[in-house]
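Undergrad: The structure's right below; bear with me while I get my questions together.
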Amino acid sequence: MADYFVGNKEYFPGIGAVAYEGPKSGNPLAFKYYDPEKMVGPKKMKDHLRFAAAYWHSFCADGADPFGAATHPHPWITDAKSPMEAAEHKMDAAFEFFTKLGVEFYAFHDRDMAPEGNSPGESEKNLRVLVDKAKGLQKETGVKLLWGTANLFTHPRFMNGAATNPEFGAVALAAHQVKAAIDATIALDGQGYTFWGGREGYMSLLNTDMRREKEHLARFLIMARDYARKQGFKGAFYIEPKPMEPTKHQYDYDVETVAGFLRFYGLDKDFRMNIEANHAELAGHDFAHELETAVDLGLFGSVDANRGDPRNGWDTDQFPLSYYEAALAMRAVLRAGGFTTGGLNFDAKIRRNSVDPKDLFEGHIGGMDAFAAGLEAAWRMAQDGAFDNFIRQRYASFDSGDGAAFENGGLTLEALAALGAGSYGSAGFASGRQEHLENRLNQYLLGL
Ligand code: XLS
Ligand code: CA
Ligand code: CA
């Protein structure tokens with residue numbers, strides 16, 4: 001791809017299309033492993049991985065933190081005469097970035113794309129204007145929308161939650177925003193629509209009716225689903241689990257919790273999980289644990305690829321770099337049969353002191369390389385079959401005879417106990433061979 005920028009101004013001058021140059025390349029702005037057209041089994045790397053960039057971290061986050069002011073110079077804001085013009089320039093910069101980096105998808109919140117107006121109606125109008133522009137840029141560049149969502153956590157009106165707000169008026173305002181964000185997602189041919197429960201949780205049980213709040217959340221999701229389907233939306237709805245931050249406790253705690261909730265309210269046909277690595281970590285789980293759980297439950301959908309810092313327990317949203325974690329993540333994705341509507345969205349941001357425009361590219365390049373290497377390792381695992389065979393063998397006593405009768409509900413506890421008192425005395429001592437399997441994993445990572 002030639003140097004490409006949209007609009008009148010180039011926001012990342014001096015940076016061209018990022019190309020694959022191979023593992024030995026010394027060019028920091030080249031891929032070392034991610035070779036989009038390379039076949040991995042029946043599919044190209046790019047079709048396995050379906051990379052997306054996040055509008056909010058890449059084009060809205062300005063490096064501010066609770067201790068200090070913005071550090072990231074955003075030329076698309078400084079060169080604009082009004083918030084709407086800034087939003088248009090930001091979109092030019094975003095599509096320039098997507099195309100130079102070579103991601104096929106992006107994801108956005110309503111407020112990332114268009115500024116809040118002076119009334120709900122004005123905010124919706126602002127969004128419509130920017131959605132029209134995005135439609136044109138998608139057509140021009142071929143970049144597609146992975147998912148859309150509504151920001152129901154930044155504005156002070158949502159300080160007590162959105163769908164779970166104790167005041168009805170706030171719930172109604174949230175509905176107005178979600179309806180407009182669904183319309184925007186449909187207009188942009190989005191493949192999914194995400195609900196991250198930003199402040200859907202509580203800060204104190206002393207002022208909270210949990211039962212009522214969770215019922216309100218379910219009611220709200222049912223209404224959103226029904227509206228979107230009525231409008232012809234065929235894509236997936238995602239819930240993105242997160243256990244805490246910004247609230248003390250969020251109702252969408254982790255995959256198991258959300259799965260129970262979706263099933264209880266009959267939402268499990270339409271909703272899938274959008275699993276974020278950093279949120280898994282905050283819930284005390286490995287990233288792969290959350291992915292595998294969703295695959296087992298038939299609720300796997302999409303991934304927010306990033307990492308936390310294992311020592312500080314915050315949602316630091318750093319770029320993912322671990323080949324080890326990426327390989328285990330891609331193993332789960334392959335087991336799910338690959339992505340359908342979902343993809344790997346980099347919900348990750350450069351650090352506060354990363355003030356060179358190249359930093360945004362290099363963060364994404366590292367993450368894309370890690371997942372490309374992870375994909376290849378996971379593919380080797382699946383082809384070689386050592387783990388799958390070991391697991392199959394480990395449970396083989398349930399494949400026939402008494403074990404199969406137990407699995408199929410053909411035994412009472414008395415009958416099972418009688419078998420236990422009989423000939424099974426030496427069972428239960430087969431090695432789990434964890435060390436052997438972990439060593440094998442390292443071999444796969446080394447390309448063996
Ligand atoms: C925040 C979430 C958020 C969602 C989209 O922690 O990760 O960015 O992905 O609302
Ligand atoms: Ca996320
Ligand atoms: Ca996060």
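For the structure tokens, the naming scheme is as follows: chains receive sequential letters (A, B, ...) according to their order of presentation, residues are indexed from 1 within each chain, and ligands are indexed from 1 in presentation order.
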Would you pick out the contacts of range 42-54 of chain A at 10 Å or less, using only C-alpha atoms, so that residues sharing its chain but fewer than 3 positions from it are not included, and give the list as a VMD selection string?
TA: chain A and resid 34 to 39 57 to 60 94 97 to 98 101 to 109 112 143 to 147 302 to 305 330 333 to 334 337 to 349 364 367 to 368 371 to 372 375 to 376
Undergrad: All residues within 7 Å of ligand 1 are required, counting only C-alpha atoms and all ligand atoms; please report them as a ChimeraX atom specification.
TA: /A:109,149,151,195-196,198,240,276,304,315,347
Undergrad: Using N, CA, C and O atoms, can you export the residues from the last selection as a short mmCIF file (atom, residue, chain, number, x, y, z; two decimals), in the first residue's frame?
TA:
data_model
loop_
_atom_site.label_atom_id
_atom_site.label_comp_id
_atom_site.auth_asym_id
_atom_site.auth_seq_id
_atom_site.Cartn_x
_atom_site.Cartn_y
_atom_site.Cartn_z
N HIS A 109 -16.86 4.26 20.68
CA HIS A 109 -18.01 4.72 21.48
C HIS A 109 -18.61 5.92 20.76
O HIS A 109 -17.86 6.70 20.14
N THR A 149 -20.48 1.10 20.35
CA THR A 149 -21.00 1.08 21.72
C THR A 149 -21.33 2.51 22.15
O THR A 149 -21.00 3.46 21.45
N ASN A 151 -20.99 5.39 25.23
CA ASN A 151 -20.26 5.74 26.46
C ASN A 151 -21.28 6.18 27.51
O ASN A 151 -21.81 7.28 27.46
N PHE A 195 -21.81 -3.98 25.06
CA PHE A 195 -22.19 -3.35 26.32
C PHE A 195 -21.07 -3.62 27.32
O PHE A 195 -20.87 -4.77 27.72
N TRP A 196 -20.32 -2.59 27.65
CA TRP A 196 -19.43 -2.71 28.79
C TRP A 196 -20.11 -1.95 29.92
O TRP A 196 -20.44 -0.77 29.77
N GLY A 198 -19.93 0.08 32.28
CA GLY A 198 -19.01 1.07 32.85
C GLY A 198 -19.24 1.41 34.31
O GLY A 198 -18.32 1.37 35.11
N GLU A 240 -19.16 -7.19 27.91
CA GLU A 240 -17.72 -7.23 28.22
C GLU A 240 -17.54 -7.30 29.74
O GLU A 240 -17.72 -6.30 30.44
N GLU A 276 -11.81 -9.15 27.66
CA GLU A 276 -10.59 -8.33 27.71
C GLU A 276 -9.57 -8.97 28.65
O GLU A 276 -9.88 -9.33 29.79
N ASP A 304 -10.86 -8.14 23.51
CA ASP A 304 -10.14 -6.87 23.67
C ASP A 304 -8.73 -7.23 24.10
O ASP A 304 -8.49 -7.66 25.24
N ASP A 315 -6.47 -1.20 35.77
CA ASP A 315 -6.79 -1.46 34.37
C ASP A 315 -5.86 -0.60 33.52
O ASP A 315 -6.24 0.45 33.03
N ASP A 347 -7.63 -2.88 22.72
CA ASP A 347 -8.11 -1.93 23.73
C ASP A 347 -6.90 -1.58 24.60
O ASP A 347 -6.79 -2.00 25.75
#
Undergrad: Could you give me the residues within 6 Å of ligand 3, counting only C-alpha atoms and all ligand atoms, as a ChimeraX atom specification?
TA: /A:278-279,315,317
Undergrad: Take the selection from the previous step and output its residues with N, CA and C atoms, as an mmCIF file, in the first residue's frame.
TA:
data_model
loop_
_atom_site.group_PDB
_atom_site.id
_atom_site.type_symbol
_atom_site.label_atom_id
_atom_site.label_comp_id
_atom_site.auth_asym_id
_atom_site.auth_seq_id
_atom_site.Cartn_x
_atom_site.Cartn_y
_atom_site.Cartn_z
ATOM 1 N N ASN A 278 -7.034 -7.665 30.316
ATOM 2 C CA ASN A 278 -6.787 -6.928 31.557
ATOM 3 C C ASN A 278 -7.920 -7.117 32.565
ATOM 4 N N HIS A 279 -9.152 -7.271 32.058
ATOM 5 C CA HIS A 279 -10.289 -7.474 32.960
ATOM 6 C C HIS A 279 -10.253 -8.875 33.561
ATOM 7 N N ASP A 315 -6.473 -1.197 35.773
ATOM 8 C CA ASP A 315 -6.793 -1.464 34.373
ATOM 9 C C ASP A 315 -5.856 -0.596 33.524
ATOM 10 N N ASP A 317 -4.392 -1.198 30.642
ATOM 11 C CA ASP A 317 -4.607 -1.242 29.186
ATOM 12 C C ASP A 317 -3.322 -1.047 28.379
#
Undergrad: For Glu256 in chain A, find every residue with an atom within 10 Å (counting only C-alpha atoms), except residues of its own chain fewer than 4 positions away, and show them as a list in words.
TA: Pro241, Asp252, Gly260, Phe261, Leu262, Glu290, Thr293, Ala294 and Leu297 of chain A
Undergrad: Write a file of the selected residues as a PDB file, in the first residue's frame, keeping C-alpha atoms.
TA:
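This is the output file out39.pdb:
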ATOM      1  CA  PRO A 241     -17.074  -8.597  31.709  1.00  0.00           C
ATOM      2  CA  ASP A 252     -20.689  -8.197  34.799  1.00  0.00           C
ATOM      3  CA  GLY A 260     -25.473 -17.118  34.526  1.00  0.00           C
ATOM      4  CA  PHE A 261     -27.108 -13.702  34.108  1.00  0.00           C
ATOM      5  CA  LEU A 262     -27.671 -14.107  30.358  1.00  0.00           C
ATOM      6  CA  GLU A 290     -11.913 -16.495  30.532  1.00  0.00           C
ATOM      7  CA  THR A 293     -14.828 -20.676  29.732  1.00  0.00           C
ATOM      8  CA  ALA A 294     -16.694 -18.702  27.074  1.00  0.00           C
ATOM      9  CA  LEU A 297     -20.379 -22.222  27.235  1.00  0.00           C
TER      10      LEU A 297
END
Undergrad: Considering only C-alpha atoms and all ligand atoms, can you say which of A:Ala163, A:Lys230, A:Ala280, A:Pro13 comes closest to ligand 2?
TA: A:Ala280
Undergrad: Neighbouring residues of Phe398 in chain A were defined as those with any atom within 7 Å, considering only C-alpha atoms; residues of the same chain fewer than 5 positions away were excluded. Please report them as a PyMOL selection string.
TA: chain A and resi 403-404+407
Undergrad: I want to know what sits within 7 Å of Asp254 in chain A, based on only C-alpha atoms, with residues of the same chain fewer than 5 positions away left out; could you give that as a VMD selection string?
TA: chain A and resid 241 to 243 283
Undergrad: When distances are computed from only C-alpha atoms and all ligand atoms, which of A:Gly148, A:Gly142, A:Gly401, A:Gly169 shows the smallest separation from ligand 2?
TA: A:Gly148
